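**Q** Pasting upload_1.txt here (compact mmCIF, C-alpha atoms and all ligand atoms):
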```txt
# COMPACT_ATOMS: atom_id res chain seq x y z
CA MET G 1 84.70 173.31 -31.57
CA THR G 2 82.90 172.21 -34.71
CA HIS G 3 79.33 171.22 -35.45
CA GLU G 4 79.08 168.55 -38.12
CA VAL G 5 76.36 166.49 -39.76
CA LEU G 6 76.49 162.81 -40.65
CA ASP G 7 73.84 161.61 -43.09
CA VAL G 8 73.08 157.89 -42.72
CA ARG G 9 69.51 158.05 -43.99
CA GLY G 10 68.51 154.82 -45.73
CA GLN G 11 71.22 152.84 -43.95
CA LEU G 12 70.29 150.05 -41.61
CA CYS G 13 71.97 149.22 -38.32
CA PRO G 14 74.73 148.60 -37.61
CA ILE G 15 75.98 150.78 -40.48
CA PRO G 16 74.82 154.06 -38.85
CA VAL G 17 76.73 153.06 -35.71
CA ILE G 18 79.85 152.16 -37.70
CA ARG G 19 79.70 155.47 -39.60
CA THR G 20 79.17 157.39 -36.35
CA GLN G 21 82.11 155.60 -34.73
CA ASN G 22 84.36 156.36 -37.69
CA LYS G 23 83.24 160.00 -37.88
CA VAL G 24 83.76 160.57 -34.16
CA LYS G 25 87.36 159.37 -34.53
CA THR G 26 87.99 162.43 -36.68
CA LEU G 27 86.42 164.85 -34.15
CA GLN G 28 87.63 166.29 -30.87
CA GLY G 29 86.24 166.70 -27.38
CA GLY G 30 83.43 169.27 -27.34
CA ASP G 31 82.57 168.84 -31.02
CA ILE G 32 78.90 168.33 -31.85
CA LEU G 33 77.62 165.81 -34.35
CA ASP G 34 74.09 165.62 -35.78
CA ILE G 35 73.33 162.17 -37.14
CA LEU G 36 70.46 161.99 -39.64
CA CYS G 37 68.89 158.52 -39.71
CA THR G 38 65.86 156.61 -40.88
CA ASP G 39 66.34 153.22 -39.20
CA PRO G 40 64.47 153.24 -35.87
CA GLY G 41 67.15 150.88 -34.57
CA THR G 42 69.46 153.89 -34.31
CA LEU G 43 67.29 155.16 -31.45
CA SER G 44 68.65 152.41 -29.25
CA ASP G 45 71.99 151.67 -30.90
CA ILE G 46 73.53 155.15 -31.13
CA PRO G 47 72.72 156.09 -27.51
CA ALA G 48 74.08 152.68 -26.40
CA TRP G 49 77.24 153.29 -28.37
CA CYS G 50 77.59 156.74 -26.75
CA ARG G 51 77.15 155.33 -23.24
CA ILE G 52 79.79 152.66 -23.87
CA HIS G 53 82.30 155.15 -25.19
CA GLY G 54 81.49 158.01 -22.85
CA HIS G 55 80.10 160.47 -25.41
CA LYS G 56 77.18 162.68 -24.49
CA LEU G 57 73.74 162.26 -26.04
CA ILE G 58 72.42 165.80 -26.39
CA ASN G 59 69.12 165.34 -28.18
CA THR G 60 66.95 162.93 -30.11
CA GLN G 61 64.36 164.25 -32.49
CA GLN G 62 61.93 161.89 -34.16
CA GLY G 63 59.87 162.97 -37.13
CA ASP G 64 57.54 160.80 -39.22
CA ASP G 65 60.27 159.22 -41.26
CA GLU G 66 63.44 160.80 -40.01
CA ILE G 67 65.40 160.82 -36.83
CA THR G 68 68.09 163.28 -35.80
CA ILE G 69 70.41 162.30 -33.00
CA THR G 70 72.77 164.94 -31.65
CA ILE G 71 75.81 163.95 -29.67
CA GLU G 72 78.73 165.74 -28.05
CA VAL G 73 82.10 164.12 -28.41
CA THR G 74 84.16 163.70 -25.25
CA ASP G 75 87.90 163.09 -25.25
CA MET B 1 105.53 145.41 -11.12
CA ASN B 2 102.70 143.57 -12.83
CA GLN B 3 101.59 145.36 -15.96
CA GLN B 4 97.85 145.15 -16.65
CA ARG B 5 97.42 143.03 -19.75
CA LYS B 6 94.95 143.83 -22.49
CA ALA B 7 92.69 141.43 -24.33
CA ILE B 8 90.50 142.01 -27.36
CA ALA B 9 87.33 139.90 -27.22
CA LEU B 10 85.31 138.87 -30.26
CA ILE B 11 81.78 139.80 -29.28
CA SER B 12 78.97 138.32 -31.36
CA GLY B 13 76.14 139.42 -29.10
CA GLY B 14 75.42 135.87 -27.94
CA LEU B 15 76.00 134.33 -24.54
CA ASP B 16 79.25 132.46 -25.14
CA SER B 17 81.37 135.40 -26.22
CA MET B 18 79.86 137.44 -23.39
CA LEU B 19 80.87 134.80 -20.84
CA ALA B 20 84.35 134.42 -22.31
CA ALA B 21 84.94 138.17 -21.95
CA LYS B 22 83.52 138.17 -18.46
CA VAL B 23 85.78 135.31 -17.33
CA ILE B 24 88.83 137.30 -18.42
CA LEU B 25 87.57 140.60 -17.01
CA GLU B 26 87.17 138.85 -13.66
CA GLN B 27 90.88 138.08 -13.75
CA GLY B 28 91.76 141.76 -13.79
CA VAL B 29 92.63 141.94 -17.48
CA HIS B 30 91.63 145.04 -19.46
CA VAL B 31 89.15 143.80 -22.06
CA GLU B 32 87.66 145.57 -25.07
CA GLY B 33 85.28 144.06 -27.59
CA ILE B 34 85.34 143.82 -31.35
CA ASN B 35 82.44 142.92 -33.62
CA PHE B 36 82.51 142.41 -37.37
CA TYR B 37 79.81 143.43 -39.79
CA THR B 38 79.92 141.15 -42.84
CA GLY B 39 76.62 142.16 -44.44
CA PHE B 40 75.19 138.71 -43.69
CA CYS B 41 74.70 139.35 -39.97
CA VAL B 42 71.24 138.63 -38.66
CA GLU B 43 71.61 141.57 -36.33
CA GLY B 44 69.45 144.55 -37.01
CA HIS B 45 68.31 144.49 -40.56
CA THR B 46 65.35 142.19 -40.69
CA HIS B 47 64.07 143.64 -37.46
CA ALA B 48 64.42 147.11 -38.84
CA ILE B 49 62.70 146.27 -42.10
CA ARG B 50 59.67 144.25 -41.13
CA GLU B 51 56.80 146.14 -39.53
CA ARG B 52 55.73 143.25 -37.36
CA ASP B 53 59.23 142.97 -35.93
CA ARG B 54 59.45 146.67 -35.31
CA ARG B 55 57.22 146.37 -32.32
CA ARG B 56 59.66 144.01 -30.66
CA PRO B 57 62.24 145.71 -28.49
CA LYS B 58 65.16 146.15 -30.79
CA ARG B 59 68.75 146.38 -29.83
CA ASN B 60 72.11 145.55 -31.24
CA ASN B 61 73.13 142.62 -29.08
CA ALA B 62 76.85 143.19 -29.41
CA LEU B 63 76.44 146.76 -28.12
CA TRP B 64 74.14 145.53 -25.40
CA VAL B 65 76.66 142.90 -24.27
CA ALA B 66 79.47 145.46 -24.23
CA GLU B 67 77.37 147.78 -22.11
CA GLN B 68 76.51 145.01 -19.66
CA LEU B 69 80.17 144.12 -19.33
CA GLY B 70 81.25 147.75 -19.11
CA ILE B 71 83.70 147.42 -22.00
CA LYS B 72 84.28 149.41 -25.17
CA LEU B 73 83.25 147.88 -28.48
CA ALA B 74 84.61 148.52 -31.96
CA ILE B 75 82.26 147.51 -34.77
CA ILE B 76 84.23 146.91 -37.93
CA ASP B 77 82.86 146.96 -41.46
CA VAL B 78 84.43 143.98 -43.25
CA ILE B 79 81.86 143.76 -46.05
CA ASP B 80 84.37 143.91 -48.91
CA GLU B 81 87.11 141.76 -47.45
CA TYR B 82 84.60 139.16 -46.34
CA LYS B 83 83.64 138.42 -49.95
CA GLU B 84 86.71 136.29 -50.41
CA VAL B 85 85.65 134.20 -47.41
CA VAL B 86 82.18 133.59 -48.83
CA LEU B 87 83.22 133.12 -52.43
CA ASN B 88 86.31 130.96 -52.00
CA PRO B 89 86.36 129.25 -48.64
CA LYS B 90 89.43 127.05 -48.41
CA HIS B 91 87.65 124.71 -46.01
CA GLY B 92 84.36 124.70 -47.87
CA TYR B 93 80.84 125.30 -46.61
CA GLY B 94 78.78 123.86 -43.79
CA VAL B 95 75.27 122.53 -44.34
CA ASN B 96 74.29 125.74 -46.14
CA MET B 97 76.44 128.54 -47.54
CA ASN B 98 78.18 129.06 -44.22
CA PRO B 99 81.97 128.97 -44.52
CA CYS B 100 82.31 128.85 -40.72
CA LEU B 101 85.88 127.64 -40.43
CA ASP B 102 87.27 130.20 -42.88
CA CYS B 103 85.05 132.83 -41.29
CA LYS B 104 86.44 132.18 -37.80
CA GLY B 105 89.99 132.31 -39.14
CA PHE B 106 89.23 135.56 -40.93
CA MET B 107 87.70 137.21 -37.86
CA VAL B 108 90.52 136.15 -35.57
CA LYS B 109 92.99 137.47 -38.14
CA LYS B 110 91.21 140.83 -38.21
CA ALA B 111 91.19 140.86 -34.41
CA LEU B 112 94.93 140.14 -34.48
CA GLN B 113 95.51 143.16 -36.72
CA TRP B 114 93.48 145.29 -34.32
CA MET B 115 95.40 143.84 -31.36
CA GLN B 116 98.73 144.73 -32.94
CA ALA B 117 97.64 148.22 -34.00
CA ASN B 118 96.36 149.00 -30.49
CA SER B 119 99.14 147.31 -28.48
CA PHE B 120 96.90 144.69 -26.91
CA ASP B 121 98.31 141.37 -25.74
CA PHE B 122 95.91 138.61 -26.69
CA ILE B 123 92.59 137.66 -28.27
CA ILE B 124 89.66 135.86 -26.69
CA THR B 125 86.71 134.10 -28.28
CA GLY B 126 83.68 132.30 -26.89
CA GLU B 127 84.36 129.11 -28.82
CA VAL B 128 83.58 125.81 -27.13
CA VAL B 129 85.08 122.50 -28.29
CA GLY B 130 82.53 120.26 -29.94
CA GLN B 131 79.79 122.86 -30.08
CA ARG B 132 79.58 123.39 -33.81
CA PRO B 133 80.00 120.59 -36.29
CA MET B 134 82.29 122.51 -38.61
CA SER B 135 84.27 125.18 -36.89
CA GLN B 136 84.38 124.18 -33.25
CA ARG B 137 85.76 120.66 -33.26
CA SER B 138 88.88 119.78 -31.33
CA ASN B 139 90.79 119.23 -34.57
CA THR B 140 89.65 122.50 -36.15
CA MET B 141 90.39 124.78 -33.21
CA PRO B 142 94.16 124.74 -33.92
CA ILE B 143 93.44 125.56 -37.58
CA VAL B 144 91.82 128.86 -36.60
CA ALA B 145 94.77 129.71 -34.33
CA LYS B 146 97.28 128.82 -37.04
CA GLU B 147 95.65 130.26 -40.15
CA SER B 148 94.71 133.52 -38.46
CA GLY B 149 98.31 133.99 -37.42
CA ALA B 150 97.20 134.49 -33.80
CA GLY B 151 98.89 131.25 -32.69
CA ASP B 152 99.03 130.97 -28.94
CA ARG B 153 97.83 134.49 -28.38
CA LEU B 154 94.35 133.14 -29.03
CA LEU B 155 92.66 132.09 -25.81
CA ARG B 156 89.26 130.39 -25.55
CA PRO B 157 88.39 130.87 -21.87
CA LEU B 158 85.36 128.55 -21.98
CA CYS B 159 87.31 125.48 -23.06
CA ALA B 160 90.97 126.46 -22.45
CA LYS B 161 91.54 123.69 -19.94
CA LEU B 162 90.92 121.11 -22.65
CA MET B 163 93.69 122.55 -24.79
CA PRO B 164 97.42 123.11 -24.39
CA PRO B 165 98.23 126.26 -22.37
CA THR B 166 98.40 129.42 -24.46
CA LEU B 167 100.80 132.32 -24.01
CA PRO B 168 98.52 134.29 -21.62
CA GLU B 169 98.32 131.19 -19.42
CA ARG B 170 102.02 130.35 -19.54
CA GLU B 171 102.97 133.94 -18.80
CA ALA B 172 100.42 134.02 -15.96
CA TRP B 173 98.57 136.98 -17.46
CA VAL B 174 95.54 134.83 -16.65
CA THR B 175 95.15 131.95 -14.20
CA ARG B 176 94.49 128.72 -16.04
CA ALA B 177 92.80 127.21 -12.99
CA HIS B 178 90.04 129.80 -13.33
CA LEU B 179 89.34 129.02 -16.95
CA HIS B 180 86.84 126.39 -18.09
CA GLU B 181 86.53 123.03 -19.78
CA PHE B 182 83.18 123.26 -21.53
CA ASN B 183 82.72 120.67 -24.18
CA GLY B 184 79.96 119.63 -26.56
CA ARG B 185 76.58 120.97 -27.49
CA SER B 186 75.00 121.12 -24.06
CA ARG B 187 74.20 124.68 -23.00
CA LYS B 188 73.96 123.83 -19.31
CA PRO B 189 77.50 124.84 -18.27
CA GLN B 190 77.09 128.22 -20.00
CA MET B 191 73.75 128.80 -18.32
CA ALA B 192 75.18 127.88 -14.93
CA LEU B 193 78.12 130.24 -15.44
CA ALA B 194 75.76 133.00 -16.56
CA GLU B 195 73.80 132.52 -13.38
CA GLN B 196 76.96 132.62 -11.32
CA PHE B 197 77.81 135.99 -12.91
CA GLY B 198 74.24 137.22 -12.40
CA ILE B 199 73.66 137.44 -16.16
CA THR B 200 69.99 136.69 -16.70
CA ASN B 201 68.97 138.56 -19.81
CA TYR B 202 70.93 137.40 -22.82
CA ALA B 203 70.29 136.84 -26.50
CA GLN B 204 69.33 133.42 -27.86
CA PRO B 205 71.84 130.91 -26.55
CA ALA B 206 73.77 129.52 -29.51
CA GLY B 207 71.82 130.97 -32.41
CA GLY B 208 73.41 131.27 -35.81
CA CYS B 209 75.36 134.47 -36.20
CA CYS B 210 74.46 135.00 -39.81
CA PHE B 211 72.11 134.41 -42.72
CA LEU B 212 74.57 132.05 -44.37
CA THR B 213 73.41 129.27 -42.05
CA ASN B 214 69.84 129.80 -43.25
CA GLU B 215 68.70 127.33 -45.89
CA SER B 216 66.31 129.60 -47.72
CA TYR B 217 68.79 132.47 -47.74
CA SER B 218 71.53 130.18 -49.06
CA GLN B 219 69.27 129.01 -51.88
CA LYS B 220 68.65 132.60 -52.89
CA LEU B 221 72.35 133.33 -52.90
CA ALA B 222 73.07 130.24 -55.02
CA ASP B 223 70.28 131.27 -57.40
CA LEU B 224 71.76 134.75 -57.73
CA TRP B 225 75.14 133.35 -58.71
CA GLN B 226 73.63 130.87 -61.11
CA ALA B 227 71.47 133.47 -62.83
CA ARG B 228 74.34 135.91 -63.20
CA LYS B 229 76.75 133.17 -64.21
CA THR B 230 79.28 134.60 -61.82
CA ARG B 231 79.94 134.14 -58.15
CA ASP B 232 80.05 137.68 -56.86
CA TYR B 233 77.87 140.10 -54.94
CA GLU B 234 77.49 143.67 -53.80
CA LEU B 235 76.06 144.71 -50.45
CA ASP B 236 72.73 145.63 -52.06
CA ASP B 237 72.42 142.14 -53.52
CA ILE B 238 72.82 140.38 -50.22
CA MET B 239 70.60 142.87 -48.43
CA LEU B 240 67.80 142.29 -50.92
CA LEU B 241 68.03 138.54 -50.36
CA LYS B 242 66.88 139.20 -46.82
CA VAL B 243 63.70 140.92 -47.94
CA GLY B 244 60.47 139.77 -49.59
CA ARG B 245 59.42 136.73 -51.58
CA HIS B 246 61.75 135.88 -54.43
CA LEU B 247 60.34 134.19 -57.53
CA ARG B 248 62.21 133.32 -60.68
CA PRO B 249 59.66 132.72 -63.44
CA ARG B 250 62.32 132.76 -66.17
CA PRO B 251 66.06 132.08 -66.00
CA HIS B 252 66.85 135.67 -67.02
CA PHE B 253 64.80 137.51 -64.42
CA LYS B 254 63.38 137.24 -60.94
CA ILE B 255 60.97 139.36 -58.96
CA ILE B 256 61.14 140.47 -55.36
CA VAL B 257 57.72 140.94 -53.78
CA GLY B 258 57.37 142.97 -50.59
CA ARG B 259 55.44 140.95 -48.02
CA GLU B 260 54.23 143.79 -45.87
CA ALA B 261 54.39 147.56 -45.39
CA GLY B 262 57.85 147.60 -43.84
CA GLU B 263 59.34 145.56 -46.67
CA ASN B 264 57.56 147.64 -49.32
CA LYS B 265 59.04 150.73 -47.76
CA TYR B 266 62.49 149.22 -47.72
CA LEU B 267 62.18 148.15 -51.36
CA GLU B 268 61.13 151.71 -52.27
CA GLY B 269 64.73 152.70 -51.61
CA TYR B 270 65.77 150.50 -54.56
CA ARG B 271 63.13 151.55 -57.04
CA HIS B 272 65.50 153.66 -59.14
CA GLN B 273 67.77 150.67 -59.66
CA PHE B 274 65.07 148.25 -60.85
CA THR B 275 62.03 148.16 -63.09
CA HIS B 276 59.23 147.97 -60.55
CA PHE B 277 55.53 147.34 -60.33
CA ARG B 278 52.66 148.35 -58.10
CA THR B 279 48.91 147.85 -58.32
CA VAL B 280 46.79 150.94 -58.88
CA ASN B 281 43.19 149.96 -58.18
CA TYR B 282 43.91 147.53 -55.33
CA THR B 283 46.24 147.56 -52.38
CA GLY B 284 49.29 145.52 -53.21
CA PRO B 285 53.01 145.05 -52.82
CA LEU B 286 55.91 146.84 -54.41
CA VAL B 287 57.61 144.40 -56.76
CA LEU B 288 61.13 144.77 -58.14
CA LEU B 289 62.27 143.02 -61.29
CA ASP B 290 65.90 141.91 -61.28
CA GLY B 291 67.33 140.86 -64.64
CA LYS B 292 66.49 141.41 -68.28
CA ALA B 293 62.86 141.39 -69.34
CA ASP B 294 61.10 141.73 -72.69
CA GLU B 295 57.48 142.76 -73.15
CA ASN B 296 56.12 139.30 -72.33
CA ASP B 297 58.25 139.09 -69.21
CA VAL B 298 57.03 142.49 -68.04
CA GLU B 299 53.46 141.35 -68.53
CA LEU B 300 54.13 138.17 -66.59
CA ALA B 301 55.68 140.18 -63.75
CA ALA B 302 52.66 142.49 -63.77
CA ARG B 303 50.31 139.50 -63.53
CA LEU B 304 52.35 138.16 -60.62
CA THR B 305 52.19 141.57 -58.95
CA ALA B 306 48.40 141.46 -59.34
CA ARG B 307 48.37 137.97 -57.87
CA PHE B 308 49.98 139.22 -54.67
CA SER B 309 47.56 142.16 -54.38
CA GLN B 310 44.10 142.44 -52.89
CA GLY B 311 42.77 142.17 -56.44
CA LYS B 312 44.03 138.62 -56.92
CA ASN B 313 40.51 137.25 -57.56
CA SER B 314 39.33 140.00 -59.87
CA GLU B 315 39.24 139.87 -63.65
CA SER B 316 41.52 142.79 -64.23
CA VAL B 317 44.03 144.74 -62.18
CA HIS B 318 45.79 147.97 -63.22
CA VAL B 319 49.49 147.65 -62.64
CA LEU B 320 51.81 150.64 -62.85
CA VAL B 321 55.12 149.72 -64.42
CA GLU B 322 58.03 152.07 -63.86
CA GLU B 323 61.13 151.25 -65.79
CA LYS B 324 64.66 151.90 -64.58
CA SER B 325 64.90 154.62 -67.22
CA GLY B 326 62.03 156.49 -65.57
CA THR B 327 59.45 155.68 -68.26
CA SER B 328 56.17 154.55 -66.75
CA TYR B 329 52.90 153.11 -68.05
CA THR B 330 49.92 151.12 -66.83
CA LEU B 331 49.03 147.58 -67.84
CA ASP B 332 45.61 146.04 -67.30
CA VAL B 333 46.22 142.41 -66.51
CA ARG B 334 44.45 139.32 -65.30
CA PRO B 335 46.09 138.17 -62.06
CA LEU B 336 47.82 134.83 -62.37
CA HIS B 337 45.89 132.06 -60.72
CA GLN B 338 47.68 130.16 -57.99
CA ASP B 339 47.76 127.04 -60.22
CA GLU B 340 49.63 129.04 -62.83
CA ILE B 341 52.55 129.65 -60.48
CA PRO B 342 54.73 126.53 -60.38
CA LYS B 343 56.33 125.81 -57.01
CA GLU B 344 59.75 125.89 -58.65
CA TRP B 345 59.39 129.60 -59.28
CA TYR B 346 59.76 130.25 -55.58
CA ILE B 347 63.43 130.54 -54.67
S1 LIG G 401 77.54 131.32 -38.71
FE1 LIG G 401 78.20 132.89 -40.17
S2 LIG G 401 79.26 134.45 -38.90
FE2 LIG G 401 79.11 132.56 -37.68
S3 LIG G 401 81.05 131.50 -38.07
FE3 LIG G 401 79.56 130.68 -39.53
S4 LIG G 401 79.82 131.92 -41.37
FE4 LIG G 401 80.79 133.03 -39.69
```
Take the structure in the file and write it out as structure tokens.
**A**
Amino acid sequence: MTHEVLDVRGQLCPIPVIRTQNKVKTLQGGDILDILCTDPGTLSDIPAWCRIHGHKLINTQQGDDEITITIEVTD
Amino acid sequence: MNQQRKAIALISGGLDSMLAAKVILEQGVHVEGINFYTGFCVEGHTHAIRERDRRRPKRNNALWVAEQLGIKLAIIDVIDEYKEVVLNPKHGYGVNMNPCLDCKGFMVKKALQWMQANSFDFIITGEVVGQRPMSQRSNTMPIVAKESGAGDRLLRPLCAKLMPPTLPEREAWVTRAHLHEFNGRSRKPQMALAEQFGITNYAQPAGGCCFLTNESYSQKLADLWQARKTRDYELDDIMLLKVGRHLRPRPHFKIIVGREAGENKYLEGYRHQFTHFRTVNYTGPLVLLDGKADENDVELAARLTARFSQGKNSESVHVLVEEKSGTSYTLDVRPLHQDEIPKEWYI
């Protein structure tokens, strides 16, 4: 099980979703991914993407300018 | 034994492609969605950038549609490949810079590649005969099927009954009788079908899918090509065309003026790539200068910056100029008067 970080700060949706999708393809069930974002759109888009594809949303942390979304990959 | 067939549905986020996918799902076919990101998509960006739009509920409509339908969705970055479509469309442009017919062919071709790579059987789109002047006429529909290479594996469930049967119909993977014969620009049949499926909350009925159908955006793109004397673009170029006021006071440079806090913040991300301006003693926008500028041009840009600040009626405004190289200095300038800004400067 690995814990990786994807930095999509400064990118606007849907690029963070595309990058998440492509990163997850390289991971395995149980792996954890932290996604660092700045576009508030990711707060709805990444969880929606996870629900559609059956991945688990572990945590969402929102600072002043930055958002960290943590997901667990499922097979 | 009947094998469950698989269809890949082009999902734009609008109602038509949602209905097309739903019609096929209802027939017991396994459906997954595909959505293409060209860089010109209306989706997301402007909402994310502008403060006043931030308060609106924001969602990616293609993802939302997929979730409502209970299907998977692949979002594909086609930014680079799409350039050829925009720069050299074989079938030309629509009213603005929208190369809709080439674009449709391109997207169906990409869907075909995905279909083949993932062992799916056919492709579905939400196209309706006669709905769009350029790309959805009865004589252009076969062009998309042919030029994409999809041939009769391309099914348009909303108007299939008006066209010759496709492979999925002939092979009885789907029942032709349960497909539709929508025709023309009326939205009523789509709305009735949506109601029948219990779909009540959907994105704007047949809104444009991209900025290329927008007149003002198209003018900015044409201006960019003319100024650079070459028809080309990078993602940053086309993103910046979505943001701010664009004025070209001289053929060799233009300025991009943030219209509000959200845009200023977005433009901040580009400040290392452009000479930029901001007012010091008054609240004002961040202004980027794109092109080559001598001393007089820089002063003109500073006076324009002052014009768009709270100090527009004062005698003198301090403007901080930061060059691409990192050098910075302050200019004290008289804001340009509105009469000194010819209408033609606005792109
Ligand atoms: S509106 Fe834009 S995305 Fe839609 S078909 Fe035309 S060029 Fe393509």
**Q** Do me a favour and pick out the residues of chain G within 12 Å of chain B, using all atoms listed in the file, as a PyMOL selection string.
**A** chain G and resi 9-22+25+38-55+65
**Q** Can you work out which residues are within 9 Å of ligand LIG 401 (chain G), considering all atoms listed in the file, and then hand them over as JSON, numbers by chain?
**A** {"B": [12, 36, 38, 40, 41, 85, 86, 93, 94, 97, 98, 99, 100, 101, 102, 103, 104, 106, 107, 134, 135, 207, 208, 209, 210, 211, 212, 213]}
**Q** Which protein, DNA or RNA residues have an atom at most 12 Å from (55.9, 144.0, -65.7), counting all atoms listed in the file? List them as a ChimeraX atom specification.
**A** /B:253-255,274-279,286-306,318-324,328-333,335
**Q** Can you measure atom CA of G:Leu27 to atom CA of B:Asp80 for me? One decimal in Å is fine.
**A** 25.7 Å
**Q** Atom CA of B:Gly326 and atom CA of G:Cys37, how far apart in Å?
**A**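 Computed distance, atom CA of G:Cys37 to atom CA of B:Gly326, equals 26.8 Å.
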**Q** Could you check how far atom CA of B:Ala111 sits from atom CA of B:Ile123, in Å to one decimal?
**A**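 Distance between the two atoms: 7.1 Å.
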**Q** I want to know what sits within 7 Å of stretch 227-236 of chain B, based on only C-alpha atoms, with residues of the same chain fewer than 4 positions away left out; could you give that as a list of chain:residue names?
**A**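 The filter keeps B:Gly39, B:Leu87, B:Asp223, B:Leu240, B:Pro251, B:His252.
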**Q** Store the residues picked out above in a file with C-alpha atoms, as a PDB file, keeping the file's coordinate frame.
**A**
```pdb
ATOM      1  CA  GLY B  39      76.620 142.160 -44.440  1.00  0.00           C
ATOM      2  CA  LEU B  87      83.220 133.120 -52.430  1.00  0.00           C
ATOM      3  CA  ASP B 223      70.280 131.270 -57.400  1.00  0.00           C
ATOM      4  CA  LEU B 240      67.800 142.290 -50.920  1.00  0.00           C
ATOM      5  CA  PRO B 251      66.060 132.080 -66.000  1.00  0.00           C
ATOM      6  CA  HIS B 252      66.850 135.670 -67.020  1.00  0.00           C
TER       7      HIS B 252
END
```
**Q** Considering all atoms listed in the file, can you say which of G:Met1, G:Val24, G:Gly30, G:Val8 comes closest to G:Thr68?
**A**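 Under the stated criterion, the closest residue is G:Val8.
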**Q** I'd like the box whose edges run along x, y and z of the file and which contains every listed atom of stretch 25-42 of chain G, padded by 8 Å per side; could you state its centre and edge lengths in Å, one decimal, as lines of an AutoDock Vina configuration file?
**A**
```
center_x = 76.2
center_y = 160.1
center_z = -34.1
size_x = 39.5
size_y = 34.4
size_z = 29.5
```
**Q** Using N, CA and C atoms, give me stretch 296-309 of chain B from the structure I just pasted, as a PDB file, in the first residue's frame.
**A**
```
ATOM      1  N   ASN B 296       7.214  54.129 -24.173  1.00  0.00           N
ATOM      2  CA  ASN B 296       5.936  54.821 -24.373  1.00  0.00           C
ATOM      3  C   ASN B 296       4.758  53.865 -24.208  1.00  0.00           C
ATOM      4  N   ASP B 297       4.945  52.644 -24.692  1.00  0.00           N
ATOM      5  CA  ASP B 297       3.876  51.651 -24.578  1.00  0.00           C
ATOM      6  C   ASP B 297       3.621  51.310 -23.105  1.00  0.00           C
ATOM      7  N   VAL B 298       4.716  51.188 -22.355  1.00  0.00           N
ATOM      8  CA  VAL B 298       4.578  50.857 -20.933  1.00  0.00           C
ATOM      9  C   VAL B 298       3.818  51.985 -20.227  1.00  0.00           C
ATOM     10  N   GLU B 299       4.137  53.218 -20.610  1.00  0.00           N
ATOM     11  CA  GLU B 299       3.439  54.333 -19.983  1.00  0.00           C
ATOM     12  C   GLU B 299       1.949  54.317 -20.345  1.00  0.00           C
ATOM     13  N   LEU B 300       1.680  54.017 -21.597  1.00  0.00           N
ATOM     14  CA  LEU B 300       0.284  53.944 -22.034  1.00  0.00           C
ATOM     15  C   LEU B 300      -0.462  52.847 -21.255  1.00  0.00           C
ATOM     16  N   ALA B 301       0.193  51.699 -21.100  1.00  0.00           N
ATOM     17  CA  ALA B 301      -0.437  50.599 -20.363  1.00  0.00           C
ATOM     18  C   ALA B 301      -0.666  51.001 -18.903  1.00  0.00           C
ATOM     19  N   ALA B 302       0.282  51.761 -18.348  1.00  0.00           N
ATOM     20  CA  ALA B 302       0.136  52.209 -16.959  1.00  0.00           C
ATOM     21  C   ALA B 302      -1.053  53.180 -16.849  1.00  0.00           C
ATOM     22  N   ARG B 303      -1.201  54.047 -17.853  1.00  0.00           N
ATOM     23  CA  ARG B 303      -2.319  54.997 -17.812  1.00  0.00           C
ATOM     24  C   ARG B 303      -3.661  54.279 -17.973  1.00  0.00           C
ATOM     25  N   LEU B 304      -3.641  53.211 -18.749  1.00  0.00           N
ATOM     26  CA  LEU B 304      -4.868  52.397 -18.881  1.00  0.00           C
ATOM     27  C   LEU B 304      -5.170  51.685 -17.561  1.00  0.00           C
ATOM     28  N   THR B 305      -4.112  51.174 -16.935  1.00  0.00           N
ATOM     29  CA  THR B 305      -4.292  50.505 -15.640  1.00  0.00           C
ATOM     30  C   THR B 305      -4.945  51.485 -14.663  1.00  0.00           C
ATOM     31  N   ALA B 306      -4.437  52.720 -14.653  1.00  0.00           N
ATOM     32  CA  ALA B 306      -4.977  53.749 -13.762  1.00  0.00           C
ATOM     33  C   ALA B 306      -6.442  54.031 -14.093  1.00  0.00           C
ATOM     34  N   ARG B 307      -6.743  54.003 -15.368  1.00  0.00           N
ATOM     35  CA  ARG B 307      -8.116  54.262 -15.827  1.00  0.00           C
ATOM     36  C   ARG B 307      -9.098  53.240 -15.240  1.00  0.00           C
ATOM     37  N   PHE B 308      -8.646  52.000 -15.122  1.00  0.00           N
ATOM     38  CA  PHE B 308      -9.537  50.958 -14.623  1.00  0.00           C
ATOM     39  C   PHE B 308      -9.465  50.801 -13.097  1.00  0.00           C
ATOM     40  N   SER B 309      -8.808  51.768 -12.436  1.00  0.00           N
ATOM     41  CA  SER B 309      -8.703  51.704 -10.967  1.00  0.00           C
ATOM     42  C   SER B 309      -9.673  52.700 -10.338  1.00  0.00           C
TER      43      SER B 309
END
```
